[in-house]
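Trainee: Hey, dropping final.pdb in here, PDB, C-alpha atoms, pLDDT in the B column:
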```pdb
ATOM      1  CA  MET Q 279     -81.484-171.051-218.765  1.00 91.00           C
ATOM      2  CA  LYS Q 280     -81.832-170.572-222.532  1.00 94.00           C
ATOM      3  CA  ARG Q 281     -82.808-167.503-224.560  1.00 94.00           C
ATOM      4  CA  LEU Q 282     -85.536-167.379-227.197  1.00 93.00           C
ATOM      5  CA  PRO Q 283     -85.454-164.328-229.434  1.00 94.00           C
ATOM      6  CA  ILE Q 284     -88.836-163.772-231.085  1.00 94.00           C
ATOM      7  CA  ASN Q 285     -90.265-161.416-233.688  1.00 96.00           C
ATOM      8  CA  MET Q 286     -93.708-159.891-233.252  1.00 94.00           C
ATOM      9  CA  PRO Q 287     -95.822-157.251-234.952  1.00 95.00           C
ATOM     10  CA  ASP Q 288     -95.126-153.705-233.776  1.00 97.00           C
ATOM     11  CA  ALA Q 289     -98.646-153.229-232.383  1.00 96.00           C
ATOM     12  CA  LEU Q 290     -98.407-156.431-230.346  1.00 95.00           C
ATOM     13  CA  LYS Q 291     -95.011-155.368-228.963  1.00 97.00           C
ATOM     14  CA  GLU Q 292     -96.426-151.988-227.952  1.00 97.00           C
ATOM     15  CA  ASP Q 293     -99.396-153.641-226.216  1.00 97.00           C
ATOM     16  CA  PHE Q 294     -97.046-156.089-224.492  1.00 97.00           C
ATOM     17  CA  GLU Q 295     -94.837-153.240-223.235  1.00 98.00           C
ATOM     18  CA  LYS Q 296     -97.915-151.419-221.922  1.00 98.00           C
ATOM     19  CA  MET Q 297     -99.151-154.561-220.172  1.00 98.00           C
ATOM     20  CA  SER Q 298     -95.750-155.066-218.590  1.00 98.00           C
ATOM     21  CA  GLU Q 299     -95.757-151.532-217.192  1.00 98.00           C
ATOM     22  CA  GLU Q 300     -99.363-151.779-215.979  1.00 98.00           C
ATOM     23  CA  VAL Q 301     -98.913-155.046-214.074  1.00 98.00           C
ATOM     24  CA  GLY Q 302     -95.418-154.275-212.808  1.00 98.00           C
ATOM     25  CA  LEU Q 303     -93.766-157.364-214.291  1.00 98.00           C
ATOM     26  CA  SER Q 304     -90.939-157.500-216.783  1.00 98.00           C
ATOM     27  CA  GLN Q 305     -91.684-158.484-220.353  1.00 97.00           C
ATOM     28  CA  ASN Q 306     -89.542-161.556-219.769  1.00 96.00           C
ATOM     29  CA  GLN Q 307     -91.613-162.582-216.721  1.00 97.00           C
ATOM     30  CA  LEU Q 308     -94.850-162.134-218.682  1.00 97.00           C
ATOM     31  CA  ALA Q 309     -93.528-164.100-221.662  1.00 97.00           C
ATOM     32  CA  VAL Q 310     -92.369-166.988-219.462  1.00 97.00           C
ATOM     33  CA  MET Q 311     -95.747-167.046-217.672  1.00 97.00           C
ATOM     34  CA  ALA Q 312     -97.589-167.025-221.008  1.00 96.00           C
ATOM     35  CA  LEU Q 313     -95.441-169.845-222.376  1.00 95.00           C
ATOM     36  CA  HIS Q 314     -95.981-171.936-219.230  1.00 96.00           C
ATOM     37  CA  SER Q 315     -99.719-171.431-219.645  1.00 94.00           C
ATOM     38  CA  LEU Q 316     -99.620-172.274-223.354  1.00 92.00           C
ATOM     39  CA  VAL Q 317     -97.655-175.488-222.786  1.00 94.00           C
ATOM     40  CA  ALA Q 318     -99.927-176.581-219.913  1.00 93.00           C
ATOM     41  CA  ASN Q 319    -103.018-175.872-222.023  1.00 90.00           C
ATOM     42  CA  TYR Q 320    -101.542-177.813-224.949  1.00 91.00           C
ATOM     43  CA  GLU Q 321    -100.629-180.753-222.713  1.00 92.00           C
ATOM     44  CA  SER Q 322    -104.130-180.956-221.255  1.00 90.00           C
ATOM     45  CA  LYS Q 323    -106.216-180.176-224.364  1.00 87.00           C
ATOM     46  CA  GLY Q 324    -104.055-180.930-227.391  1.00 89.00           C
ATOM     47  CA  SER Q 325    -103.423-179.048-230.584  1.00 86.00           C
ATOM     48  CA  PHE Q 326    -107.029-177.948-231.115  1.00 84.00           C
ATOM     49  CA  ILE Q 327    -106.264-175.033-228.751  1.00 85.00           C
ATOM     50  CA  PHE Q 328    -104.798-173.322-231.831  1.00 86.00           C
ATOM     51  CA  ALA Q 329    -107.970-173.587-233.934  1.00 84.00           C
ATOM     52  CA  ASP Q 330    -109.219-170.082-233.112  1.00 74.00           C
ATOM     53  CA  LEU Q 331    -105.797-168.546-233.612  1.00 75.00           C
ATOM     54  CA  LEU Q 332    -105.361-170.202-236.995  1.00 80.00           C
ATOM     55  CA  ASN Q 333    -108.823-169.143-238.165  1.00 78.00           C
ATOM     56  CA  PRO Q 334    -108.306-166.553-240.945  1.00 67.00           C
ATOM     57  CA  GLU Q 335    -110.977-164.309-239.362  1.00 71.00           C
ATOM     58  CA  HIS Q 336    -108.717-163.828-236.319  1.00 60.00           C
ATOM     59  CA  ARG Q 337    -105.438-163.134-238.120  1.00 57.00           C
ATOM     60  CA  GLY Q 338    -104.124-159.669-237.399  1.00 58.00           C
ATOM     61  CA  ASN Q 339    -106.697-159.080-234.658  1.00 55.00           C
ATOM     62  CA  HIS Q 340    -104.843-159.611-231.401  1.00 53.00           C
ATOM     63  CA  LYS Q 341    -107.149-157.344-229.401  1.00 51.00           C
TER      64      LYS Q 341
END
```
What does the file become when written as structure tokens?
Mentor:
Amino acid sequence: MKRLPINMPDALKEDFEKMSEEVGLSQNQLAVMALHSLVANYESKGSFIFADLLNPEHRGNHK
């Protein structure tokens, strides 16, 4: 197994910690699940899945 250190905005990290506590899964488990989902979505639909995220109107608005 390999490690992947990542940097994220403070507010996103706080929300992620809260989610982890609420659902009873570790942050690592949630991150691995999210990455599996992202890769599967990318493999089935291609790179256009990022269009909304790259839209300037959505930057900084993770909620």
Trainee: Distance atom CA of Q:Ile284-atom CA of Q:Lys296, one decimal place?
Mentor: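 It comes out at 17.9 Å.
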Trainee: Mind pulling up the distance from atom CA of Q:Gln305 to atom CA of Q:Ala289?
Mentor: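 These two atoms are separated by 14.9 Å.
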Trainee: Counting all atoms listed in the file, which of Q:Asn333, Q:Met297, Q:Lys323, Q:Ala309 gets nearest to Q:Arg281?
Mentor: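 For Q:Arg281, the nearest of the candidates is Q:Ala309.
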Trainee: Tell me which protein, DNA and RNA residues are within 12 Å of Q:Asn306, counting only C-alpha atoms, leaving out same-chain ones fewer than 3 positions away, and put them as a ChimeraX atom specification.
Mentor: /Q:281-284,294-295,297-298,302-303,309-313
Trainee: Report, in Å with one decimal, the straight-line distance from atom CA of Q:Leu316 to atom CA of Q:Phe328.
Mentor: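 Result for atom CA of Q:Leu316 versus atom CA of Q:Phe328: 10.0 Å, one decimal.
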Trainee: Could you give me the axis-aligned bounding box of stretch 293-298 of chain Q, with 4 Å of padding per side, as centre plus edge lengths in Å to one decimal, as AutoDock Vina command-line options?
Mentor:
```
--center_x -97.1 --center_y -153.8 --center_z -222.4 --size_x 12.6 --size_y 12.7 --size_z 15.6
```
